[in-house]
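K.L.:
Here it is, the structure, as structure tokens.
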Amino acid sequence: MSADPFIVSIDVGSSSVRALLFDSGARQMEGYGAQVPYRIHTTPDGGAEVDPDALAELTIDCLDELHRQVHEAGLRVIAVAGSAFWHSFCGVDAAGHPTLPILHLLDTRSGDQVAHVPDTHARTGCVPHSSYWPSKLLWLYANRRDEFRATHRFLSFPEYLFLKLLGNAGASTSMVSATGLWNQNESDYDAETLAALPIRRGQLADPAALDRIEDQLLPEYRALWPAFAKARWFPALGDGACNNLGSGCVSPDRAALMVGTTGAMRLVSDAPQAKVSPGLWRYRVDKSRLVTGGALSNGGDVYAWMKRNLALPKDVEARLETALPGTHGLTMLPFFSGERTPYWRADLRGAITGLAASTQAFDILHAALESIALRFREIYCLLAGPWGAPAEVIASGGALLHSPAWTQMMADALGRPVTICTETEASCRGAALWALERLNIIDGIDALPASTGATFMPRPEYRDAYQDLLARQHRLYERLFA
């Protein structure tokens with residue numbers, strides 16, 4: 001058996017689940033790992049749900065395959081860490097059986113309940129919005145009363161997975177901090193928020209038990225996975241926090257720009273307490289690190305929608321590389337799933353103007369990608385206010401890694417250089433780094449820098465064109481939604 005220690009890292013994203021292997025230098029081990037895609041169930045009324053047992057089985061399948069690989073190679077696994085989508089939750093009864101599906105952050109059905117949620121943004125770091133727990137809990141109470149009353153505990157998916165594998169629904173500060181229930185400075189649930197909701201503190205994760213490391217799988221899984229039996233299991237962190245860690249963005253002078261199914265731009269700081277700026281959110285990586293940023297409900301999913309529904313040319317990437325900004329004559333608001341930063345409105349919907357008989361499918365795609373790049377510009381300007389303009393912008397996420405043309409649009413829209421993070425699994429790497437730090441194998445997260453690739457420089461000749469596109473976006477928003 002190899003004496004070198006290895007870390008298993010699980011990532012439960014909004015479109016796939018994966019389990020990967022990292023060495024003690026936070027390097028991904030080639031040839032090891034498993035990934036399975038899945039689809040969120042959406043409904044015409046804005047629902048976005050996932051079956052918790054089905055998602056747990058996909059995760060277990062990935063772990064099963066990775067275990068087979070590790071066991072055959074005789075590798076020594078010392079820890080299992082993970083990242084998972086923030087904000088979503090499900091419910092279980094007293095026996096641990098699901099009473100509710102996972103309500104994903106993109107579920108907008110609770111939009112009408114947002115008005116009944118107290119504005120505790122200054123304390124929780126969360127603007128009242130349908131992506132967070134408070135409005136969703138009110139919606140469930142109003143619309144699924146029987147299921148709500150049958151629920152013994154409300155919990156995130158990583159907690160439910162821990163419950164199935166280890167018999168204890170372990171939670172991290174990171175996951176709890178992004179619920180909209182957590183007072184960031186007091187490290188406890190916000191009293192005003194809880195008072196407005198039909199739940200009890202006892203139905204939520206115990207603050208005293210957050211970040212607790214487990215080391216004992218249930219007998220069924222200990223027998224199934226002998227190579228994992230002696231590993232220490234860390235509660236999963238939020239995927240955004242892990243993405244920052246894994247891409248090397250661990251200080252305020254380095255902004256992480258991530259485009260996956262959704263999108264976000266974030267800064268990490270170690271300030272013990274700080275005020276959150278209007279329009280932005282603030283959660284925690286852990287008890288000593290804050291993560292601040294803006295989030296888009298629409299990112300790579302918009303590109304995927306275009307690919308599914310438009311007859312795009314085969315040379316689409318080459319054409320994007322040479323297309324001049326705004327020459328399509330279109331103005332688009334990419335609000336396919338409402339929007340978070342800076343509007344925080346679940347009722348927003350996508351819109352496009354300027355369509356003509358000469359408009360082609362490529363023009364619509366081009367306008368859509370530019371429109372999302374401009375949404376990132378809005379976040380960047382909000383971050384630059386309190387922090388100063390970050391010296392570096394590091395981009396990650398499959399949507400950008402597969403489209404250099406879109407990355408160039410980001411640089412042009414931001415008016416700042418954008419460097420590609422070549423860590424293809426930044427969130428998984430971030431979870432592995434955090435475990436290595438907690439185990440005292442490395443001195444700190446910044447001890448192992450992320451690998452980077454090409455830097456895309458903004459083209460000054462396009463500055464005015466993007467300014468005009470942004471002004472057109474603002475005018476369209478004002479006409480439709482103000």
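Every chain in the structure tokens takes a letter, A first, then B, and so on in the order presented; its residues are numbered from 1, and the ligands are numbered from 1 following the presented order.
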Please provide as a count of residues only all residues within 6 Å of segment 408-420 of chain A, with the sequence filter that same-chain residues fewer than 4 positions apart are discarded (counting only C-alpha atoms).

P.N.:
15

K.L.:
Quick one: residues within 10 Å of Gln28 of chain A, only C-alpha atoms, excluding same-chain residues fewer than 2 positions away - as number ranges by chain?

P.N.:
A: 6-9, 20-26, 30-33, 423-426, 428-429, 432

K.L.:
Which is closer to Leu106 of chain A than all the others in A:Thr262, A:Thr292, A:Ser172, A:Ser358, using only C-alpha atoms?

P.N.:
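Closest to Leu106 of chain A, using only C-alpha atoms: A:Thr262.
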
K.L.:
Among segment 159-374 of chain A, which ones does DSSP assign to helix (DSSP H, G or I) (computed from the backbone)? Answer as a PyMOL selection string.

P.N.:
chain A and resi 159-166+173-177+191-195+201-203+207-209+219-224+226-228+239-246+300-309+316-322+361-374

K.L.:
Tell me, as a list in words, which residues lie within 10 Å of Trp387 of chain A, counting only C-alpha atoms; anything in the same chain fewer than 2 positions away does not count.

P.N.:
Pro252, Asp253, Leu267, Leu382, Leu383, Ala384, Gly385, Ala389 and Pro390 of chain A

K.L.:
Keeping only C-alpha atoms, take the residues you just selected and write them out as a PDB file, in the first residue's frame.

P.N.:
```
ATOM      1  CA  PRO A 252      -9.254  40.797  -1.412  1.00  0.00           C
ATOM      2  CA  ASP A 253      -6.820  41.724  -4.194  1.00  0.00           C
ATOM      3  CA  LEU A 267     -13.447  37.946  -2.718  1.00  0.00           C
ATOM      4  CA  LEU A 382     -19.913  46.880  -6.579  1.00  0.00           C
ATOM      5  CA  LEU A 383     -16.902  44.964  -5.231  1.00  0.00           C
ATOM      6  CA  ALA A 384     -14.487  47.702  -6.231  1.00  0.00           C
ATOM      7  CA  GLY A 385     -16.406  50.234  -4.127  1.00  0.00           C
ATOM      8  CA  ALA A 389     -10.460  47.393  -7.753  1.00  0.00           C
ATOM      9  CA  PRO A 390      -9.037  43.871  -7.340  1.00  0.00           C
TER      10      PRO A 390
END
```

K.L.:
Quick one: residues within 12 Å of Arg145 of chain A, only C-alpha atoms, excluding same-chain residues fewer than 6 positions away - as a compact mmCIF listing (two decimals) with C-alpha atoms, in the first residue's frame?

P.N.:
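What ended up in result-v3.txt:
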```txt
# COMPACT_ATOMS: atom_id res chain seq x y z
CA THR A 99 -40.33 14.66 3.79
CA LEU A 100 -39.51 17.25 1.12
CA LEU A 137 -39.81 28.03 4.38
CA LEU A 138 -42.75 30.44 4.30
CA TRP A 139 -43.78 29.10 0.88
CA THR A 151 -40.49 17.61 8.93
CA PRO A 198 -42.78 28.92 11.52
```

K.L.:
Tell me which of A:Leu320, A:Val12, A:Val92, A:Val77 sits closest to Ala56 of chain A, counting only C-alpha atoms.

P.N.:
A:Val12

K.L.:
Rank A:Glu192, A:Asp93, A:Glu321, A:Glu186 by their smallest atom-to-atom distance to Trp406 of chain A, using only C-alpha atoms, and report the top residue only.

P.N.:
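For Trp406 of chain A, the nearest of the given residues is A:Glu321.
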
K.L.:
I'd like the neighbourhood of Thr359 of chain A as a PyMOL selection string, where a residue qualifies if any of its atoms comes within 12 Å (using only C-alpha atoms), though same-chain residues fewer than 5 positions away should be ignored.

P.N.:
chain A and resi 327-330+352-354+364-367

K.L.:
For the selection just defined, write its residues with N, CA and C atoms to a file, as a short mmCIF file (atom, residue, chain, number, x, y, z; two decimals), in the first residue's frame.

P.N.:
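The new file out.cif reads:
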```cif
data_model
loop_
_atom_site.label_atom_id
_atom_site.label_comp_id
_atom_site.auth_asym_id
_atom_site.auth_seq_id
_atom_site.Cartn_x
_atom_site.Cartn_y
_atom_site.Cartn_z
N THR A 327 -22.62 44.49 -32.72
CA THR A 327 -22.96 44.59 -34.14
C THR A 327 -24.21 43.81 -34.51
N HIS A 328 -24.71 42.98 -33.60
CA HIS A 328 -25.95 42.24 -33.83
C HIS A 328 -27.18 43.14 -33.73
N GLY A 329 -27.02 44.32 -33.13
CA GLY A 329 -28.14 45.25 -33.01
C GLY A 329 -29.16 44.87 -31.96
N LEU A 330 -28.84 43.92 -31.09
CA LEU A 330 -29.78 43.42 -30.10
C LEU A 330 -29.44 43.93 -28.70
N ILE A 352 -35.45 40.36 -24.99
CA ILE A 352 -34.57 40.71 -26.09
C ILE A 352 -35.31 41.67 -27.01
N THR A 353 -34.63 42.72 -27.41
CA THR A 353 -35.20 43.68 -28.35
C THR A 353 -34.25 43.87 -29.52
N GLY A 354 -34.80 44.38 -30.61
CA GLY A 354 -33.98 44.64 -31.78
C GLY A 354 -34.02 43.55 -32.83
N ILE A 364 -28.19 36.09 -31.73
CA ILE A 364 -28.86 35.95 -30.43
C ILE A 364 -27.87 35.40 -29.40
N LEU A 365 -27.10 34.38 -29.79
CA LEU A 365 -26.09 33.84 -28.89
C LEU A 365 -25.06 34.91 -28.52
N HIS A 366 -24.57 35.62 -29.50
CA HIS A 366 -23.57 36.66 -29.28
C HIS A 366 -24.10 37.69 -28.28
N ALA A 367 -25.33 38.14 -28.48
CA ALA A 367 -25.93 39.12 -27.58
C ALA A 367 -26.08 38.55 -26.17
#
```

K.L.:
May I ask for the distance between atom CA of Val114 of chain A and atom CA of Trp281 of chain A, given in Å to one decimal place?

P.N.:
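We find that atom CA of Val114 of chain A and atom CA of Trp281 of chain A lie 16.2 Å from each other.
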
K.L.:
Can you list, as a count of residues only, every protein, DNA or RNA residue that comes within 12 Å of Gln184 of chain A when you count only C-alpha atoms, leaving out same-chain residues fewer than 2 positions away?

P.N.:
39

K.L.:
Figure out the distance between atom CA of Ile60 of chain A and atom CA of His152 of chain A, please, to one decimal in Å.

P.N.:
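Separation between atom CA of His152 of chain A and atom CA of Ile60 of chain A: 24.2 Å.
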